[in-house]
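query.txt follows; it contains compact mmCIF, C-alpha atoms and all ligand atoms.
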```txt
# COMPACT_ATOMS: atom_id res chain seq x y z
CA MET C 1 -17.66 15.83 16.90
CA ALA C 2 -17.80 13.94 13.62
CA LEU C 3 -15.16 12.51 11.33
CA VAL C 4 -13.95 14.72 8.47
CA PRO C 5 -16.32 14.50 5.48
CA PRO C 6 -15.21 12.69 2.31
CA HIS C 7 -13.28 14.88 -0.14
CA GLY C 8 -15.16 16.78 -2.83
CA GLY C 9 -18.45 17.50 -1.04
CA LYS C 10 -20.40 14.64 -2.65
CA GLY C 11 -20.08 12.01 0.09
CA LEU C 12 -18.27 8.76 -0.69
CA VAL C 13 -18.45 8.25 -4.46
CA CYS C 14 -18.33 4.44 -4.85
CA CYS C 15 -18.34 3.01 -8.39
CA LEU C 16 -18.27 -0.67 -7.38
CA LEU C 17 -21.45 -2.47 -8.44
CA GLN C 18 -23.15 -5.02 -6.20
CA GLY C 19 -25.52 -7.98 -6.55
CA ALA C 20 -27.71 -8.27 -9.65
CA GLU C 21 -26.37 -5.05 -11.12
CA LEU C 22 -22.83 -6.42 -10.87
CA ALA C 23 -23.77 -9.75 -12.47
CA ALA C 24 -25.51 -7.99 -15.37
CA GLU C 25 -22.59 -5.63 -15.99
CA GLN C 26 -20.07 -8.48 -15.83
CA LYS C 27 -22.05 -10.26 -18.53
CA LYS C 28 -22.17 -7.10 -20.61
CA ALA C 29 -18.39 -6.62 -20.25
CA GLU C 30 -17.79 -9.89 -22.09
CA GLY C 31 -19.38 -8.42 -25.22
CA LEU C 32 -17.45 -5.13 -25.16
CA LYS C 33 -14.08 -4.24 -26.63
CA LYS C 34 -11.55 -5.61 -24.14
CA ILE C 35 -8.68 -3.34 -23.11
CA ASP C 36 -5.79 -4.62 -20.97
CA ILE C 37 -4.90 -2.21 -18.16
CA SER C 38 -1.78 -1.57 -16.08
CA PRO C 39 -1.44 -2.51 -12.39
CA ARG C 40 -1.55 1.23 -11.60
CA ALA C 41 -4.91 1.63 -13.37
CA LYS C 42 -6.20 -1.44 -11.54
CA GLY C 43 -5.40 0.15 -8.18
CA ASP C 44 -7.01 3.41 -9.29
CA LEU C 45 -10.17 1.55 -10.33
CA ILE C 46 -10.45 -0.24 -7.00
CA MET C 47 -10.05 3.08 -5.19
CA MET C 48 -12.84 4.54 -7.36
CA GLY C 49 -14.85 1.42 -6.61
CA ILE C 50 -14.66 1.73 -2.82
CA GLY C 51 -14.84 5.52 -2.59
CA GLY C 52 -11.16 6.02 -1.82
CA PHE C 53 -10.82 8.46 -4.70
CA SER C 54 -14.02 10.43 -4.02
CA PRO C 55 -15.15 12.56 -5.79
CA LEU C 56 -13.57 10.89 -8.87
CA ASN C 57 -15.95 8.54 -10.69
CA GLY C 58 -13.72 7.80 -13.67
CA PHE C 59 -10.48 8.60 -15.44
CA MET C 60 -9.57 12.22 -16.03
CA SER C 61 -10.36 14.34 -19.09
CA LYS C 62 -7.65 16.43 -20.69
CA ALA C 63 -8.96 19.52 -18.91
CA ASP C 64 -8.79 17.74 -15.54
CA TRP C 65 -5.35 16.31 -16.30
CA LYS C 66 -3.98 19.69 -17.32
CA SER C 67 -5.51 21.49 -14.35
CA VAL C 68 -4.27 18.88 -11.86
CA CYS C 69 -0.72 19.17 -13.22
CA GLU C 70 -0.78 22.95 -13.32
CA ASN C 71 -3.03 24.03 -10.44
CA PHE C 72 -3.53 21.05 -8.10
CA THR C 73 -7.26 21.10 -8.90
CA LEU C 74 -9.70 19.32 -11.17
CA ALA C 75 -11.16 21.49 -13.93
CA ASP C 76 -14.12 22.31 -11.63
CA GLY C 77 -11.76 23.70 -8.99
CA THR C 78 -11.77 20.74 -6.57
CA PHE C 79 -8.35 20.01 -5.05
CA TRP C 80 -6.59 16.98 -6.55
CA PRO C 81 -2.81 16.44 -6.50
CA VAL C 82 -1.87 13.82 -9.14
CA PRO C 83 -3.25 12.78 -12.52
CA VAL C 84 -5.49 9.71 -12.52
CA THR C 85 -5.49 8.85 -16.20
CA LEU C 86 -5.95 5.75 -18.31
CA ASP C 87 -3.55 5.15 -21.19
CA MET C 88 -3.99 2.82 -24.15
CA ASP C 89 -2.83 2.23 -27.71
CA GLU C 90 -6.17 0.96 -28.96
CA GLU C 91 -8.37 3.25 -31.04
CA VAL C 92 -11.62 3.75 -29.17
CA LYS C 93 -14.39 6.20 -29.96
CA VAL C 94 -16.19 8.75 -27.87
CA GLY C 95 -19.53 7.28 -26.83
CA GLU C 96 -18.20 3.70 -27.02
CA GLU C 97 -18.40 1.43 -23.98
CA ILE C 98 -15.26 -0.59 -23.27
CA ALA C 99 -14.29 -3.30 -20.81
CA LEU C 100 -11.14 -2.80 -18.72
CA PHE C 101 -9.40 -6.11 -18.16
CA ASP C 102 -6.68 -7.18 -15.72
CA PRO C 103 -4.52 -9.46 -17.90
CA LYS C 104 -2.53 -10.80 -14.93
CA LYS C 105 -5.56 -12.23 -13.11
CA GLY C 106 -7.81 -12.64 -16.14
CA VAL C 107 -10.58 -10.54 -14.57
CA PHE C 108 -12.78 -7.75 -15.91
CA MET C 109 -12.13 -4.83 -13.56
CA ALA C 110 -14.61 -2.29 -14.94
CA THR C 111 -16.65 -1.02 -17.81
CA MET C 112 -16.18 2.53 -18.99
CA LYS C 113 -18.16 4.91 -21.14
CA VAL C 114 -15.64 6.83 -23.25
CA THR C 115 -16.23 10.58 -23.10
CA GLU C 116 -12.91 11.78 -24.47
CA VAL C 117 -9.79 10.44 -26.19
CA TYR C 118 -6.69 12.64 -26.19
CA GLU C 119 -3.24 11.98 -27.53
CA MET C 120 -0.29 12.09 -25.16
CA THR C 121 2.77 13.17 -27.11
CA GLU C 122 6.31 12.84 -25.76
CA ALA C 123 6.13 16.56 -25.02
CA ASP C 124 2.88 16.10 -23.03
CA LYS C 125 4.41 13.30 -20.97
CA LYS C 126 7.52 15.34 -20.30
CA TRP C 127 5.37 18.27 -19.25
CA GLU C 128 3.45 16.05 -16.80
CA CYS C 129 6.75 14.83 -15.34
CA GLU C 130 8.08 18.38 -14.98
CA LYS C 131 4.93 19.53 -13.20
CA VAL C 132 4.22 16.49 -11.03
CA TYR C 133 7.46 14.59 -10.43
CA LYS C 134 10.16 17.22 -10.39
CA GLY C 135 11.25 18.49 -6.97
CA GLN C 136 11.67 22.09 -5.95
CA GLY C 137 14.34 23.88 -3.99
CA GLU C 138 18.03 23.49 -3.29
CA GLU C 139 18.01 20.00 -1.84
CA SER C 140 16.08 18.48 -4.73
CA ALA C 141 17.55 17.22 -7.97
CA ASP C 142 15.65 19.78 -10.04
CA ASP C 143 18.58 21.11 -12.09
CA LYS C 144 19.69 17.71 -13.34
CA PHE C 145 16.22 16.16 -13.44
CA TRP C 146 16.20 15.08 -17.09
CA GLU C 147 19.74 13.80 -16.81
CA ILE C 148 18.92 11.28 -14.08
CA ALA C 149 15.13 10.82 -13.93
CA PRO C 150 14.66 8.72 -17.10
CA LYS C 151 16.95 6.02 -15.70
CA ASP C 152 16.49 6.40 -11.92
CA HIS C 153 12.99 7.69 -11.21
CA PRO C 154 10.34 4.94 -11.33
CA GLY C 155 7.47 7.48 -11.41
CA VAL C 156 8.92 9.31 -14.40
CA GLN C 157 9.67 6.01 -16.12
CA MET C 158 6.02 5.00 -15.71
CA VAL C 159 4.73 8.24 -17.22
CA MET C 160 7.19 8.19 -20.12
CA ALA C 161 6.25 4.56 -20.87
CA GLN C 162 2.54 5.41 -21.08
CA LYS C 163 0.75 4.52 -24.27
CA LYS C 164 -0.32 6.85 -27.06
CA TYR C 165 -3.76 7.96 -25.84
CA ASN C 166 -5.41 8.87 -22.59
CA VAL C 167 -9.04 7.85 -22.47
CA ALA C 168 -11.49 9.56 -20.12
CA GLY C 169 -14.90 8.59 -18.85
CA PRO C 170 -16.95 7.36 -15.92
CA VAL C 171 -16.46 3.76 -14.79
CA LYS C 172 -18.54 0.99 -13.28
CA VAL C 173 -16.16 -1.10 -11.19
CA LEU C 174 -16.69 -4.87 -11.24
CA SER C 175 -14.03 -6.17 -8.86
CA GLU C 176 -12.08 -5.25 -5.75
CA GLY C 177 -9.27 -7.62 -6.73
CA ASP C 178 -8.16 -10.24 -4.22
CA TYR C 179 -7.30 -7.88 -1.37
CA ARG C 180 -10.18 -8.98 0.86
CA ASP C 181 -9.04 -12.59 0.67
CA ARG C 182 -5.36 -11.80 0.99
CA PHE C 183 -5.64 -9.34 3.89
CA PRO C 184 -8.71 -10.31 5.92
CA GLY C 185 -9.48 -7.88 8.73
CA CYS C 186 -6.83 -5.47 7.42
CA TYR C 187 -7.89 -4.39 3.93
CA MET C 188 -10.89 -2.12 4.41
CA SER C 189 -12.96 0.32 2.40
CA PRO C 190 -13.34 3.97 3.47
CA ALA C 191 -16.88 3.21 4.68
CA GLU C 192 -15.59 0.33 6.82
CA ALA C 193 -12.75 2.44 8.24
CA ARG C 194 -15.20 5.22 9.07
CA ALA C 195 -17.53 2.76 10.80
CA THR C 196 -14.61 1.40 12.83
CA PHE C 197 -13.55 4.89 13.93
CA GLU C 198 -17.13 5.90 14.77
CA GLU C 199 -17.61 2.78 16.84
CA LYS C 200 -14.55 3.79 18.83
CA GLY C 201 -15.92 7.32 19.22
CA TRP C 202 -13.01 8.85 17.31
CA SER C 203 -13.30 12.09 15.35
CA LYS C 204 -9.71 13.35 15.20
CA VAL C 205 -7.90 10.49 13.48
CA ALA C 206 -4.27 10.43 12.42
CA ALA C 207 -2.89 8.16 9.71
CA LEU C 208 0.58 6.72 9.43
CA GLN C 209 1.38 5.73 5.86
CA LEU C 210 3.75 2.80 5.54
CA ARG C 211 5.34 1.04 2.62
CA ASN C 212 8.37 -0.32 4.47
CA PRO C 213 8.60 -2.37 7.68
CA MET C 214 7.65 -0.49 10.83
CA HIS C 215 10.61 0.29 13.06
CA ARG C 216 11.08 2.34 16.22
CA SER C 217 11.01 5.68 14.40
CA HIS C 218 7.63 4.83 12.80
CA GLU C 219 6.34 3.53 16.12
CA PHE C 220 7.36 6.82 17.69
CA LEU C 221 5.52 8.82 14.98
CA ALA C 222 2.38 6.77 15.55
CA LYS C 223 2.61 7.30 19.31
CA ILE C 224 3.09 11.05 18.96
CA ALA C 225 -0.17 11.01 17.00
CA VAL C 226 -1.94 8.93 19.66
CA GLU C 227 -0.99 11.56 22.25
CA VAL C 228 -2.72 14.38 20.38
CA CYS C 229 -5.49 12.63 18.40
CA ASP C 230 -8.25 10.19 19.32
CA GLY C 231 -6.36 7.39 17.65
CA VAL C 232 -4.00 6.39 14.88
CA PHE C 233 -4.75 4.48 11.70
CA ILE C 234 -1.65 2.54 10.60
CA HIS C 235 -2.40 2.30 6.91
CA SER C 236 -0.13 0.20 4.70
CA LEU C 237 0.15 0.10 0.97
CA VAL C 238 -0.85 -3.40 -0.12
CA GLY C 239 -0.59 -2.80 -3.88
CA ASN C 240 2.60 -3.19 -5.88
CA LEU C 241 6.02 -1.85 -4.95
CA LYS C 242 9.32 -2.17 -6.75
CA PRO C 243 10.99 -5.58 -6.96
CA GLY C 244 13.03 -6.09 -3.82
CA ASP C 245 10.69 -4.22 -1.48
CA ILE C 246 9.24 -6.16 1.45
CA PRO C 247 5.89 -7.82 0.60
CA ALA C 248 2.75 -6.49 2.29
CA GLU C 249 2.07 -9.80 4.05
CA VAL C 250 5.40 -9.53 5.90
CA ARG C 251 4.96 -5.82 6.72
CA ILE C 252 1.46 -6.40 8.09
CA LYS C 253 2.69 -9.24 10.28
CA CYS C 254 5.32 -6.87 11.70
CA ILE C 255 2.66 -4.25 12.48
CA ASP C 256 0.36 -6.84 14.08
CA THR C 257 3.23 -7.85 16.36
CA LEU C 258 4.01 -4.25 17.27
CA ILE C 259 0.37 -3.45 18.03
CA ASP C 260 0.11 -6.59 20.11
CA LYS C 261 3.22 -5.90 22.21
CA TYR C 262 3.77 -2.13 22.20
CA PHE C 263 0.47 -0.25 21.68
CA VAL C 264 -2.71 0.32 23.66
CA LYS C 265 -5.00 -1.56 21.30
CA ALA C 266 -7.99 0.73 21.85
CA ASN C 267 -6.04 3.62 20.31
CA VAL C 268 -4.84 2.03 17.09
CA VAL C 269 -6.38 0.52 13.97
CA GLN C 270 -4.43 -1.22 11.24
CA GLY C 271 -5.59 -1.07 7.61
CA GLY C 272 -4.39 -1.68 4.07
CA TYR C 273 -5.16 0.21 0.87
CA PRO C 274 -5.03 -1.18 -2.65
CA LEU C 275 -2.88 1.35 -4.51
CA ASP C 276 0.50 0.89 -6.13
CA MET C 277 3.26 3.37 -5.38
CA ARG C 278 3.22 6.14 -7.96
CA TYR C 279 6.62 7.42 -6.86
CA ALA C 280 5.33 10.99 -7.20
CA GLY C 281 7.32 12.29 -4.21
CA PRO C 282 5.80 15.33 -2.45
CA ARG C 283 2.69 15.21 -4.66
CA GLU C 284 2.18 11.63 -3.54
CA GLY C 285 2.21 12.90 0.05
CA LEU C 286 -0.70 15.13 -0.93
CA LEU C 287 -2.47 12.18 -2.53
CA HIS C 288 -1.99 10.22 0.70
CA ALA C 289 -3.75 13.00 2.60
CA THR C 290 -6.50 13.36 -0.03
CA PHE C 291 -7.57 9.74 -0.07
CA ARG C 292 -7.11 9.46 3.71
CA GLN C 293 -9.76 12.16 4.07
CA ASN C 294 -12.14 9.70 2.39
CA TYR C 295 -11.17 7.10 4.99
CA GLY C 296 -12.11 9.58 7.74
CA VAL C 297 -8.57 10.69 8.60
CA SER C 298 -8.11 14.31 9.72
CA ASP C 299 -4.35 14.36 10.31
CA MET C 300 -1.82 12.79 7.98
CA LEU C 301 1.57 12.07 9.50
CA ILE C 302 4.27 13.40 7.20
CA GLY C 303 7.78 12.64 8.40
CA ARG C 304 11.19 12.99 6.86
CA ASP C 305 11.40 12.13 3.17
CA HIS C 306 7.77 11.00 3.02
CA ALA C 307 7.21 9.11 -0.27
CA GLY C 308 10.80 9.97 -1.20
CA VAL C 309 12.43 8.60 -4.32
CA GLY C 310 16.23 8.34 -4.26
CA ASP C 311 17.65 11.86 -3.89
CA PHE C 312 15.06 13.58 -6.08
CA TYR C 313 13.43 15.63 -3.34
CA GLY C 314 14.37 17.68 -0.33
CA LEU C 315 13.91 15.75 2.94
CA PHE C 316 10.98 17.92 4.04
CA GLU C 317 9.55 18.81 0.65
CA ALA C 318 6.49 16.61 1.24
CA GLN C 319 5.74 18.75 4.33
CA GLU C 320 6.35 22.08 2.62
CA ILE C 321 4.14 21.30 -0.37
CA PHE C 322 1.06 21.41 1.90
CA ASP C 323 1.75 25.13 2.40
CA ARG C 324 2.00 25.78 -1.33
CA VAL C 325 -1.22 24.14 -2.55
CA PRO C 326 -4.26 26.31 -3.32
CA LYS C 327 -6.76 26.91 -0.52
CA ASN C 328 -10.22 28.49 -0.13
CA LEU C 329 -11.41 26.76 -3.28
CA GLY C 330 -15.07 26.71 -2.25
CA ALA C 331 -17.46 24.42 -0.40
CA GLY C 332 -16.28 20.80 -0.45
CA LYS C 333 -13.41 21.55 -2.80
CA ASP C 334 -10.58 22.08 -0.32
CA LEU C 335 -8.37 19.40 1.13
CA ILE C 336 -9.48 19.25 4.77
CA THR C 337 -7.06 16.61 6.02
CA GLN C 338 -4.00 18.38 7.34
CA PRO C 339 -0.40 17.24 7.54
CA MET C 340 0.99 16.41 10.97
CA LYS C 341 4.56 17.44 10.26
CA ILE C 342 7.16 15.66 12.34
CA ASP C 343 10.89 16.14 12.19
CA TRP C 344 13.40 13.36 11.77
CA THR C 345 13.03 10.82 14.60
CA PHE C 346 15.54 8.30 16.03
CA TYR C 347 16.75 6.68 19.22
CA CYS C 348 19.37 8.77 21.07
CA TYR C 349 21.68 7.22 23.69
CA LYS C 350 22.19 10.51 25.53
CA CYS C 351 18.45 11.32 25.57
CA ASP C 352 18.03 7.67 26.57
CA GLY C 353 14.95 7.34 24.42
CA MET C 354 13.25 8.18 21.14
CA ALA C 355 13.72 11.79 20.09
CA SER C 356 13.57 14.10 17.10
CA LEU C 357 15.72 16.89 15.77
CA ARG C 358 13.36 19.25 17.59
CA THR C 359 13.96 17.66 20.97
CA CYS C 360 17.44 16.11 20.91
CA PRO C 361 20.38 18.50 21.39
CA HIS C 362 23.01 15.79 20.92
CA GLY C 363 25.22 14.82 18.02
CA LYS C 364 25.13 12.31 15.21
CA GLU C 365 27.36 9.92 17.14
CA ASP C 366 24.75 9.58 19.90
CA ARG C 367 21.89 8.66 17.59
CA VAL C 368 20.93 5.33 16.10
CA VAL C 369 20.52 5.98 12.41
CA LEU C 370 20.51 3.23 9.83
CA SER C 371 19.91 3.46 6.10
CA GLY C 372 17.45 1.08 4.48
CA THR C 373 20.27 -0.37 2.44
CA LYS C 374 22.42 -1.14 5.50
CA LEU C 375 19.45 -2.63 7.34
CA ARG C 376 18.62 -4.94 4.44
CA LYS C 377 22.22 -6.02 4.22
CA ALA C 378 22.40 -6.83 7.94
CA LEU C 379 19.10 -8.71 7.93
CA SER C 380 19.83 -10.71 4.82
CA GLU C 381 23.30 -11.65 6.07
CA GLY C 382 22.04 -12.53 9.53
CA ALA C 383 24.29 -9.81 11.00
CA PRO C 384 23.23 -7.91 14.14
CA VAL C 385 21.23 -4.69 13.74
CA ALA C 386 22.09 -1.59 15.81
CA ASP C 387 20.37 -1.59 19.22
CA HIS C 388 17.08 0.33 19.48
CA PHE C 389 16.60 0.63 15.74
CA GLY C 390 13.82 -1.93 15.56
CA ARG C 391 11.92 -4.13 17.99
CA ASP C 392 13.38 -7.64 18.30
CA GLU C 393 10.01 -9.22 17.45
CA VAL C 394 9.92 -7.26 14.17
CA LEU C 395 13.53 -7.94 13.28
CA ASP C 396 12.91 -11.66 13.84
CA ILE C 397 10.04 -11.61 11.32
CA LEU C 398 12.23 -9.80 8.81
CA ARG C 399 15.17 -12.17 9.31
CA GLU C 400 12.85 -15.09 8.73
CA TYR C 401 11.62 -13.47 5.52
CA TYR C 402 15.12 -12.78 4.24
CA SER C 403 16.31 -16.28 5.01
CA SER C 404 13.43 -17.63 2.90
CA LEU C 405 14.57 -15.67 -0.16
CA THR C 406 16.49 -17.37 -2.90
CA GLU C 407 19.87 -16.00 -3.86
CA LYS C 408 18.53 -14.66 -7.15
CA VAL C 409 15.88 -12.55 -5.47
CA GLU C 410 18.46 -11.26 -3.03
CA ILE C 411 20.75 -9.95 -5.74
CA LYS C 412 17.82 -8.24 -7.45
CA MET C 413 16.82 -6.81 -4.09
CA GLN C 414 20.23 -5.34 -3.37
CA SER C 415 20.34 -3.58 -6.72
CA HIS C 416 17.01 -1.91 -6.01
CA ALA C 417 17.64 -1.17 -2.37
CA ALA C 418 19.48 2.11 -2.96
CA ALA C 419 16.36 3.84 -4.27
CA THR C 420 14.05 2.62 -1.51
CA LYS C 421 12.86 4.80 1.36
CA MET C 422 9.89 5.09 3.74
ZN ZN C 501 19.68 13.19 22.24
```
Rewrite the coordinates I just gave you, this time as structure tokens.
Amino acid sequence: MALVPPHGGKGLVCCLLQGAELAAEQKKAEGLKKIDISPRAKGDLIMMGIGGFSPLNGFMSKADWKSVCENFTLADGTFWPVPVTLDMDEEVKVGEEIALFDPKKGVFMATMKVTEVYEMTEADKKWECEKVYKGQGEESADDKFWEIAPKDHPGVQMVMAQKKYNVAGPVKVLSEGDYRDRFPGCYMSPAEARATFEEKGWSKVAALQLRNPMHRSHEFLAKIAVEVCDGVFIHSLVGNLKPGDIPAEVRIKCIDTLIDKYFVKANVVQGGYPLDMRYAGPREGLLHATFRQNYGVSDMLIGRDHAGVGDFYGLFEAQEIFDRVPKNLGAGKDLITQPMKIDWTFYCYKCDGMASLRTCPHGKEDRVVLSGTKLRKALSEGAPVADHFGRDEVLDILREYYSSLTEKVEIKMQSHAAATKM
């Protein structure tokens, strides 16, 4: 048995240059028109660099953008769930080569050969939001979407704030950012993850996506996966979150501690990936599965409110969307990685252990359920946290983090906490 193949049928498509080629292109970049890019575009470029976004080798054309929004496929029919586009105000010409620059770090991230420039009107942006960010079904906020999304939905805000043009074309990536230095042994490319899994003899690999600290419910999800797969890949977002969310360094320390004390080490691998949150809700769940396929993951854990944003989506919409996406698209074009759908999990006093809505017949009053907001409040005030919600070792790390925060950060954090979920 082998690992799942990379998505798109072309192997890992890696746009990151190496050695002499890299040095030459970096020199060339200095002479090209310099365009500042957003943190989101930076993450997208790194993913294209390391093969995480295979088969993408650049930013999407209008035909790809439109087809992704409408049909969940690139224009050539390959499955892809969210637009990967590059916006700018600068006038650039088709055929021109440009240099994409990270203004925060002062680093050239890529060069790009422009193949298309298309205007994004307000109506186009709104259409993208309707197609990609709006939930479906009774539990979602679909009927009052435009009333609340512009002020409360970070994904919609990002799209609506995009610049005048989208610019498409293939890229040559010049940098992986500072992730390798910041997260040694944790940040890994798809090729490195695949090599790690192969060395362990794994072929059926589950991934647990995390952007918040890992508590008992997440530990339980990971362990369910270990029972039915060869192993679990605990894969954290190490790109940018909203202000007030827990930094990746702290979350990774929590996971290290959990693996050390509560897992059989042979059956778990921890990794980090360089994307920012897009806040695309259920579609983001699909993106998590799509790029995980490139990392060699066959089964993507999708729990309650996966990639949720406030109350915009139904609690299980990110599971249901996997049933709605197009299938039988042709060789290499389908999403192979499947969702491992798990119901809401918690500790139950009557069950005397971790359980889910599928296994626990008891009532609300018997279960340990804590909102993110309440947890943050307890940790930042040094108050006790409900028994069995988190492991003591993890809660200690979080308390230490909160006590290191200044008052100013704390206030900011509280105001953002309401919209934050797993
Ligand atoms: Zn129970």
Please, which residues in chain C fall within 8 Å of ligand ZN 501 (chain C) when counting all atoms listed in the file, and what is the closest atom pair and distance in Å to one decimal for each, ordered by chain then residue number, as a tab-separated table?
```
residue	atom	partner	partner_atom	distance
C:Tyr347	CA	C:ZN501	ZN	7.8
C:Cys348	CA	C:ZN501	ZN	4.6
C:Tyr349	CA	C:ZN501	ZN	6.5
C:Lys350	CA	C:ZN501	ZN	4.9
C:Cys351	CA	C:ZN501	ZN	4.0
C:Asp352	CA	C:ZN501	ZN	7.2
C:Gly353	CA	C:ZN501	ZN	7.8
C:Ala355	CA	C:ZN501	ZN	6.5
C:Thr359	CA	C:ZN501	ZN	7.4
C:Cys360	CA	C:ZN501	ZN	3.9
C:Pro361	CA	C:ZN501	ZN	5.4
C:His362	CA	C:ZN501	ZN	4.4
C:Gly363	CA	C:ZN501	ZN	7.2
C:Asp366	CA	C:ZN501	ZN	6.6
C:Arg367	CA	C:ZN501	ZN	6.9
```
With C-alpha atoms kept, could you save the residues just selected as a compact mmCIF listing (two decimals), keeping the file's coordinate frame?
```
# COMPACT_ATOMS: atom_id res chain seq x y z
CA TYR C 347 16.75 6.68 19.22
CA CYS C 348 19.37 8.77 21.07
CA TYR C 349 21.68 7.22 23.69
CA LYS C 350 22.19 10.51 25.53
CA CYS C 351 18.45 11.32 25.57
CA ASP C 352 18.03 7.67 26.57
CA GLY C 353 14.95 7.34 24.42
CA ALA C 355 13.72 11.79 20.09
CA THR C 359 13.96 17.66 20.97
CA CYS C 360 17.44 16.11 20.91
CA PRO C 361 20.38 18.50 21.39
CA HIS C 362 23.01 15.79 20.92
CA GLY C 363 25.22 14.82 18.02
CA ASP C 366 24.75 9.58 19.90
CA ARG C 367 21.89 8.66 17.59
```
Between atom CA of C:Cys254 and atom CA of C:His215, distance in Å (one decimal):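 Interatomic distance here is 9.0 Å.
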Atom CA of C:Lys62 to atom CA of C:Pro170, straight-line distance in Å: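 We find that atom CA of C:Pro170 and atom CA of C:Lys62 lie 13.8 Å from each other.
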Which residue of C:Gln157, C:Gln26, C:Ser403, C:Thr290 approaches C:Ala99 most closely, using only C-alpha atoms: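 Closest candidate: C:Gln26.
Residue nearest C:Asn212 within the list C:Asp102, C:Val250, C:Gly296, C:Pro184: C:Val250 [criterion: smallest interatomic distance, only C-alpha atoms].
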So that each row is one residue of stretch 188-297 of chain C with an atom at most 10 Å from stretch 392-397 of chain C, can you give its shortest atom pair and the distance in Å to one decimal, using all atoms listed in the file, rows by chain and rising number, as JSON lines?
```
{"residue": "C:Pro213", "atom": "CA", "partner": "C:Val394", "partner_atom": "CA", "distance": 8.2}
{"residue": "C:Met214", "atom": "CA", "partner": "C:Val394", "partner_atom": "CA", "distance": 7.9}
{"residue": "C:His215", "atom": "CA", "partner": "C:Val394", "partner_atom": "CA", "distance": 7.7}
{"residue": "C:Arg216", "atom": "CA", "partner": "C:Val394", "partner_atom": "CA", "distance": 9.9}
{"residue": "C:Val250", "atom": "CA", "partner": "C:Ile397", "partner_atom": "CA", "distance": 7.4}
{"residue": "C:Arg251", "atom": "CA", "partner": "C:Ile397", "partner_atom": "CA", "distance": 9.0}
{"residue": "C:Lys253", "atom": "CA", "partner": "C:Ile397", "partner_atom": "CA", "distance": 7.8}
{"residue": "C:Cys254", "atom": "CA", "partner": "C:Val394", "partner_atom": "CA", "distance": 5.2}
{"residue": "C:Ile255", "atom": "CA", "partner": "C:Val394", "partner_atom": "CA", "distance": 8.0}
{"residue": "C:Asp256", "atom": "CA", "partner": "C:Val394", "partner_atom": "CA", "distance": 9.6}
{"residue": "C:Thr257", "atom": "CA", "partner": "C:Glu393", "partner_atom": "CA", "distance": 7.0}
{"residue": "C:Leu258", "atom": "CA", "partner": "C:Val394", "partner_atom": "CA", "distance": 7.3}
{"residue": "C:Lys261", "atom": "CA", "partner": "C:Glu393", "partner_atom": "CA", "distance": 8.9}
```
Two-atom distance - atom CA of C:Phe233, atom CA of C:Leu370 (Å): 25.4 Å
Among the residues C:Arg182, C:Lys377, C:Arg278, C:Lys223, the one that comes closest to C:Ala248 [using only C-alpha atoms]: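 Using only C-alpha atoms, the shortest distance to C:Ala248 belongs to C:Arg182.
Using only C-alpha atoms, the nearest neighbour of C:Met47 within the list C:Asp87, C:Asp245, C:Asp276, C:Glu70 is C:Asp276.
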Nearest-residue call for C:Thr345, choices C:Ile234, C:Ala383, C:Met300, C:Leu221, using only C-alpha atoms: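 Checking each of C:Ile234, C:Ala383, C:Met300, C:Leu221 against C:Thr345, counting only C-alpha atoms, the winner is C:Leu221.
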Residues near C:Ser61, cut-off 7 Å, all atoms listed in the file, skip fewer than 3 positions along chain, as JSON, numbers by chain: {"C": [64, 65, 116, 168]}
Selection near stretch 2-6 of chain C, 10 Å with only C-alpha atoms, sequence-local residues under 5 positions removed, as a PyMOL selection string: chain C and resi 11-13+51-55+190-191+194+197-198+201-205+290-299+332+335-337
Selected residue, from C:Ser404, C:Phe220, C:Val268, C:Gly43, that lies nearest to C:Val238 when counting all atoms listed in the file: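 Of C:Ser404, C:Phe220, C:Val268, C:Gly43, the one nearest C:Val238 is C:Gly43, counting all atoms listed in the file.
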Give me the residues near C:Lys134 as a PDB file with C-alpha atoms, in the coordinates of the input, where near means some atom within 9 Å (using only C-alpha atoms) and where sequence neighbours in that chain fewer than 6 positions away do not count.
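Ended up saving to selection39.pdb:
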```
ATOM      1  CA  SER C 140      16.080  18.480  -4.730  1.00  0.00           C
ATOM      2  CA  ALA C 141      17.550  17.220  -7.970  1.00  0.00           C
ATOM      3  CA  ASP C 142      15.650  19.780 -10.040  1.00  0.00           C
ATOM      4  CA  PHE C 145      16.220  16.160 -13.440  1.00  0.00           C
ATOM      5  CA  ALA C 149      15.130  10.820 -13.930  1.00  0.00           C
ATOM      6  CA  VAL C 156       8.920   9.310 -14.400  1.00  0.00           C
ATOM      7  CA  ALA C 280       5.330  10.990  -7.200  1.00  0.00           C
ATOM      8  CA  GLY C 281       7.320  12.290  -4.210  1.00  0.00           C
ATOM      9  CA  PHE C 312      15.060  13.580  -6.080  1.00  0.00           C
ATOM     10  CA  TYR C 313      13.430  15.630  -3.340  1.00  0.00           C
TER      11      TYR C 313
END
```
Near-C:Pro282 list (9 Å; all atoms listed in the file; drop same-chain fewer than 3 positions) as a PyMOL selection string: chain C and resi 132-133+135+285-287+305-308+313+316-322
Box along x, y and z, 5 Å on every side, all listed atoms of stretch 199-203 of chain C inside: centre and edge lengths in Å to one decimal, as lines of an AutoDock Vina configuration file.
```
center_x = -15.3
center_y = 7.4
center_z = 17.3
size_x = 14.6
size_y = 19.3
size_z = 13.9
```
Selection: 8 Å around C:Lys163, only C-alpha atoms, excl. self and same-chain fewer than 2 positions, as a ChimeraX atom specification: /C:87-89,120,161,165-166
